[in-house]
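Here is the structure we will look at, set down as C-alpha cells.
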Amino acid sequence: MSRLGNLARPVLRCGATLAESCLASGGITKPTILLLLGHMRSGSTLMLHLLMTNAEVAAVGERNATYASRMDLARLAMTARFRHRAPFRRLRYVVDQVNHNKFTPNAQLLQQSRVRFLFLLRQPKATIASILQLQRQYYPQVWPAARALEYYVERLEFLTRLAGELGDPTRAAHIEYETLTALPDQTLRALQAFLGLPQQFCKTYAIHAFTQTQGDPGPRIISGRILPDAASADIDLDVSQSELTRAVHAYDECRNALGRFALLPSSVARA
C-alpha cells in the first residue's frame, strides 16, 4: 500500500472534516457535494461516469454510504481525493449515486448549501423489467416482480417528498433516462450549464477500477459510451394491472414534482 493509502484510512475514520479544514486553510476550497438521487436502473452509474469526464469532478462509484451528518459529506470528499491520489487537486464537485431511501435519513442535512442534487427518473415498466433482468443475471436471490415494483413506488414517493422540501430550485436538476439516451448532446450541454463548469462533458468515458463493482454490474456500462435505451420489454412482469397503475401514478407524481428542476424544457425533452 502507498504512503498516501496508509494515511487515508485514519484520516477518513477520525478527521475528514478537520482534513478539509486544513486544506481550506491552504487555499484548497471544499468541493460541492453532488448527489445523484435516482432509483435502480435509472442511469445513475452511467451519469456518474459521464460526470467524471470533466477534470473538476471526482467520484469513487456507488458507495452505498449513509449521509446523516456533515462528517459524511466530508468523508465523501476526502475519499475521492485519496482514491484518485490527488489530495490537493482542485475539485468543484464530488459525486455519489444514491438509489435507496435508507442512505439519506437526515432531511436537514440535505438542506445544507454545500449539497446539490441531480434527480434521475426512468419510466416504470422499463425500470421494473430492467431490475428483474439484472437480478436474474447477477444475484443469487432474485426479487419477485412485486418486490421490484414496491421498491420503485416507495423510492419515487421518497423523491417526490424530497423535491417538495427543496426551497431553492437552483440547487437541483432533473434528468430522465429516456432523454439522456435519446438526446445526449443537449443533455450534457445543459448539465454543464447547471453545474457552472467551463469544460464540457464527453459522451464517451473511461472505465475505472470501480466500474462493474460499485454500481451497475452489467455489460453495457463497460461500453464506455451512451447506448440507446434497452427497455427489456420481453420480460414478463407478472404483476396485476392495478399494481402497474400504482407504479405509473408514482412516476407521474414524481415527474410533476421534479418539473421545476427539469434540465431541458419539456418541448426539447419530448422531441
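Ordering of the C-alpha cells sets the chain letters (A, B, ...), residue numbers begin anew at 1 in every chain, and ligands are numbered from 1 in the order given.
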Quiz prompt | Shell of 6 Å around Gly224 in chain A, only C-alpha atoms, local chain residues under 2 positions omitted, as a PyMOL selection string | solution = chain A and resi 204-205+222
What parts of range 138-226 of chain A does DSSP call alpha helix (DSSP H)? I'd like the answer as an mmCIF file with C-alpha atoms, in the first residue's frame.
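Now in out-v1.cif:
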data_model
loop_
_atom_site.group_PDB
_atom_site.id
_atom_site.type_symbol
_atom_site.label_atom_id
_atom_site.label_comp_id
_atom_site.auth_asym_id
_atom_site.auth_seq_id
_atom_site.Cartn_x
_atom_site.Cartn_y
_atom_site.Cartn_z
ATOM 1 C CA TYR A 138 -26.173 -11.292 -11.347
ATOM 2 C CA ALA A 145 -41.769 -8.650 -9.672
ATOM 3 C CA ALA A 146 -43.992 -7.423 -6.841
ATOM 4 C CA ARG A 147 -40.963 -6.533 -4.716
ATOM 5 C CA ALA A 148 -39.289 -4.667 -7.589
ATOM 6 C CA LEU A 149 -42.489 -2.705 -8.162
ATOM 7 C CA GLU A 150 -42.837 -1.923 -4.447
ATOM 8 C CA TYR A 151 -39.240 -0.673 -4.307
ATOM 9 C CA TYR A 152 -39.872 1.563 -7.332
ATOM 10 C CA VAL A 153 -43.060 3.054 -5.879
ATOM 11 C CA GLU A 154 -41.537 3.694 -2.444
ATOM 12 C CA ARG A 155 -38.415 5.236 -3.916
ATOM 13 C CA LEU A 156 -40.354 7.601 -6.175
ATOM 14 C CA GLU A 157 -42.619 8.624 -3.305
ATOM 15 C CA PHE A 158 -39.499 9.471 -1.288
ATOM 16 C CA LEU A 159 -38.031 11.518 -4.135
ATOM 17 C CA THR A 160 -41.356 13.320 -4.566
ATOM 18 C CA ARG A 161 -41.338 14.360 -0.893
ATOM 19 C CA LEU A 162 -37.712 15.473 -1.076
ATOM 20 C CA ALA A 163 -38.362 17.556 -4.195
ATOM 21 C CA GLY A 164 -41.187 19.323 -2.375
ATOM 22 C CA GLU A 165 -38.893 20.201 0.547
ATOM 23 C CA TYR A 177 -33.122 8.365 -18.600
ATOM 24 C CA GLU A 178 -35.024 8.339 -21.868
ATOM 25 C CA THR A 179 -33.955 11.922 -22.597
ATOM 26 C CA LEU A 180 -30.296 11.246 -21.769
ATOM 27 C CA THR A 181 -30.125 8.284 -24.150
ATOM 28 C CA ALA A 182 -32.108 9.969 -26.936
ATOM 29 C CA PRO A 184 -27.151 13.100 -25.118
ATOM 30 C CA ASP A 185 -25.587 16.233 -26.625
ATOM 31 C CA GLN A 186 -28.347 18.556 -25.451
ATOM 32 C CA THR A 187 -28.499 16.894 -22.050
ATOM 33 C CA LEU A 188 -24.767 17.137 -21.391
ATOM 34 C CA ARG A 189 -24.616 20.777 -22.509
ATOM 35 C CA ALA A 190 -27.480 21.627 -20.172
ATOM 36 C CA LEU A 191 -25.762 19.715 -17.356
ATOM 37 C CA GLN A 192 -22.557 21.668 -17.907
ATOM 38 C CA ALA A 193 -24.502 24.935 -17.653
ATOM 39 C CA PHE A 194 -26.332 23.799 -14.497
ATOM 40 C CA LEU A 195 -23.058 22.936 -12.764
#
Self-check item: Nearest candidate to His39 in chain A (options A:Pro124, A:Gly167, A:Pro217, A:Pro265; using only C-alpha atoms)
Solution: A:Pro124
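A straight line drawn from CA of Pro31 in chain A to CA of Val94 in chain A is 6.4 Å long.
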Quiz item: Which is closer to Ser42 in chain A than all the others in A:Ser21, A:Thr211, A:Asn99, A:Gln133, using only C-alpha atoms?
Solution: A:Asn99
Give the strand (DSSP E or B) residues of range 50-261 of chain A, as assigned by DSSP on the backbone, as a PDB file with N, CA and C atoms, in the first residue's frame.
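out01.pdb, written as the output of this step:
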ATOM      1  N   VAL A  57     -14.469  17.107 -11.595  1.00  0.00           N
ATOM      2  CA  VAL A  57     -15.447  16.237 -10.933  1.00  0.00           C
ATOM      3  C   VAL A  57     -14.763  14.921 -10.573  1.00  0.00           C
ATOM      4  N   ALA A  58     -14.996  14.436  -9.351  1.00  0.00           N
ATOM      5  CA  ALA A  58     -14.418  13.160  -8.916  1.00  0.00           C
ATOM      6  C   ALA A  58     -15.482  12.313  -8.244  1.00  0.00           C
ATOM      7  N   ALA A  59     -15.315  11.002  -8.330  1.00  0.00           N
ATOM      8  CA  ALA A  59     -16.227  10.048  -7.700  1.00  0.00           C
ATOM      9  C   ALA A  59     -15.494   8.738  -7.509  1.00  0.00           C
ATOM     10  N   TYR A  93     -16.652  19.476  -7.784  1.00  0.00           N
ATOM     11  CA  TYR A  93     -17.710  18.577  -7.327  1.00  0.00           C
ATOM     12  C   TYR A  93     -17.137  17.200  -7.000  1.00  0.00           C
ATOM     13  N   VAL A  94     -17.669  16.588  -5.954  1.00  0.00           N
ATOM     14  CA  VAL A  94     -17.508  15.152  -5.735  1.00  0.00           C
ATOM     15  C   VAL A  94     -18.909  14.545  -5.752  1.00  0.00           C
ATOM     16  N   VAL A  95     -19.006  13.347  -6.335  1.00  0.00           N
ATOM     17  CA  VAL A  95     -20.314  12.792  -6.676  1.00  0.00           C
ATOM     18  C   VAL A  95     -20.509  11.415  -6.058  1.00  0.00           C
ATOM     19  N   ASP A  96     -21.720  11.146  -5.636  1.00  0.00           N
ATOM     20  CA  ASP A  96     -22.120   9.787  -5.279  1.00  0.00           C
ATOM     21  C   ASP A  96     -23.533   9.559  -5.794  1.00  0.00           C
ATOM     22  N   GLN A  97     -23.834   8.310  -6.090  1.00  0.00           N
ATOM     23  CA  GLN A  97     -25.169   7.935  -6.546  1.00  0.00           C
ATOM     24  C   GLN A  97     -25.898   7.280  -5.387  1.00  0.00           C
ATOM     25  N   VAL A  98     -27.124   7.713  -5.151  1.00  0.00           N
ATOM     26  CA  VAL A  98     -27.914   7.238  -4.011  1.00  0.00           C
ATOM     27  C   VAL A  98     -29.257   6.757  -4.550  1.00  0.00           C
ATOM     28  N   VAL A 115     -24.641  21.031  -0.613  1.00  0.00           N
ATOM     29  CA  VAL A 115     -25.166  19.873  -1.329  1.00  0.00           C
ATOM     30  C   VAL A 115     -26.034  20.321  -2.503  1.00  0.00           C
ATOM     31  N   ARG A 116     -25.788  19.713  -3.658  1.00  0.00           N
ATOM     32  CA  ARG A 116     -26.660  19.885  -4.820  1.00  0.00           C
ATOM     33  C   ARG A 116     -27.130  18.509  -5.277  1.00  0.00           C
ATOM     34  N   PHE A 117     -28.185  18.518  -6.084  1.00  0.00           N
ATOM     35  CA  PHE A 117     -28.836  17.263  -6.426  1.00  0.00           C
ATOM     36  C   PHE A 117     -29.075  17.147  -7.922  1.00  0.00           C
ATOM     37  N   LEU A 118     -28.952  15.931  -8.404  1.00  0.00           N
ATOM     38  CA  LEU A 118     -29.355  15.598  -9.757  1.00  0.00           C
ATOM     39  C   LEU A 118     -30.344  14.441  -9.641  1.00  0.00           C
ATOM     40  N   PHE A 119     -31.621  14.727  -9.869  1.00  0.00           N
ATOM     41  CA  PHE A 119     -32.661  13.713  -9.783  1.00  0.00           C
ATOM     42  C   PHE A 119     -32.720  12.944 -11.102  1.00  0.00           C
ATOM     43  N   LEU A 120     -32.746  11.625 -11.002  1.00  0.00           N
ATOM     44  CA  LEU A 120     -32.790  10.761 -12.172  1.00  0.00           C
ATOM     45  C   LEU A 120     -34.060   9.912 -12.124  1.00  0.00           C
ATOM     46  N   LEU A 121     -34.721   9.814 -13.255  1.00  0.00           N
ATOM     47  CA  LEU A 121     -36.011   9.135 -13.307  1.00  0.00           C
ATOM     48  C   LEU A 121     -36.122   8.338 -14.602  1.00  0.00           C
ATOM     49  N   ALA A 172     -30.915  22.014  -7.683  1.00  0.00           N
ATOM     50  CA  ALA A 172     -31.262  20.685  -8.191  1.00  0.00           C
ATOM     51  C   ALA A 172     -31.580  20.748  -9.674  1.00  0.00           C
ATOM     52  N   ALA A 173     -31.380  19.611 -10.322  1.00  0.00           N
ATOM     53  CA  ALA A 173     -31.777  19.446 -11.720  1.00  0.00           C
ATOM     54  C   ALA A 173     -32.376  18.058 -11.866  1.00  0.00           C
ATOM     55  N   HIS A 174     -33.128  17.883 -12.928  1.00  0.00           N
ATOM     56  CA  HIS A 174     -33.835  16.613 -13.154  1.00  0.00           C
ATOM     57  C   HIS A 174     -33.568  16.147 -14.574  1.00  0.00           C
ATOM     58  N   ILE A 175     -33.133  14.887 -14.696  1.00  0.00           N
ATOM     59  CA  ILE A 175     -32.870  14.279 -15.996  1.00  0.00           C
ATOM     60  C   ILE A 175     -33.639  12.966 -16.087  1.00  0.00           C
ATOM     61  N   GLU A 176     -34.296  12.743 -17.198  1.00  0.00           N
ATOM     62  CA  GLU A 176     -34.955  11.467 -17.432  1.00  0.00           C
ATOM     63  C   GLU A 176     -34.042  10.583 -18.280  1.00  0.00           C
ATOM     64  N   THR A 204     -18.300   9.846 -24.407  1.00  0.00           N
ATOM     65  CA  THR A 204     -17.530   8.632 -24.142  1.00  0.00           C
ATOM     66  C   THR A 204     -16.763   8.832 -22.838  1.00  0.00           C
ATOM     67  N   ARG A 225     -19.609   4.348 -23.483  1.00  0.00           N
ATOM     68  CA  ARG A 225     -20.382   5.353 -24.207  1.00  0.00           C
ATOM     69  C   ARG A 225     -21.860   5.217 -23.867  1.00  0.00           C
TER      70      ARG A 225
END
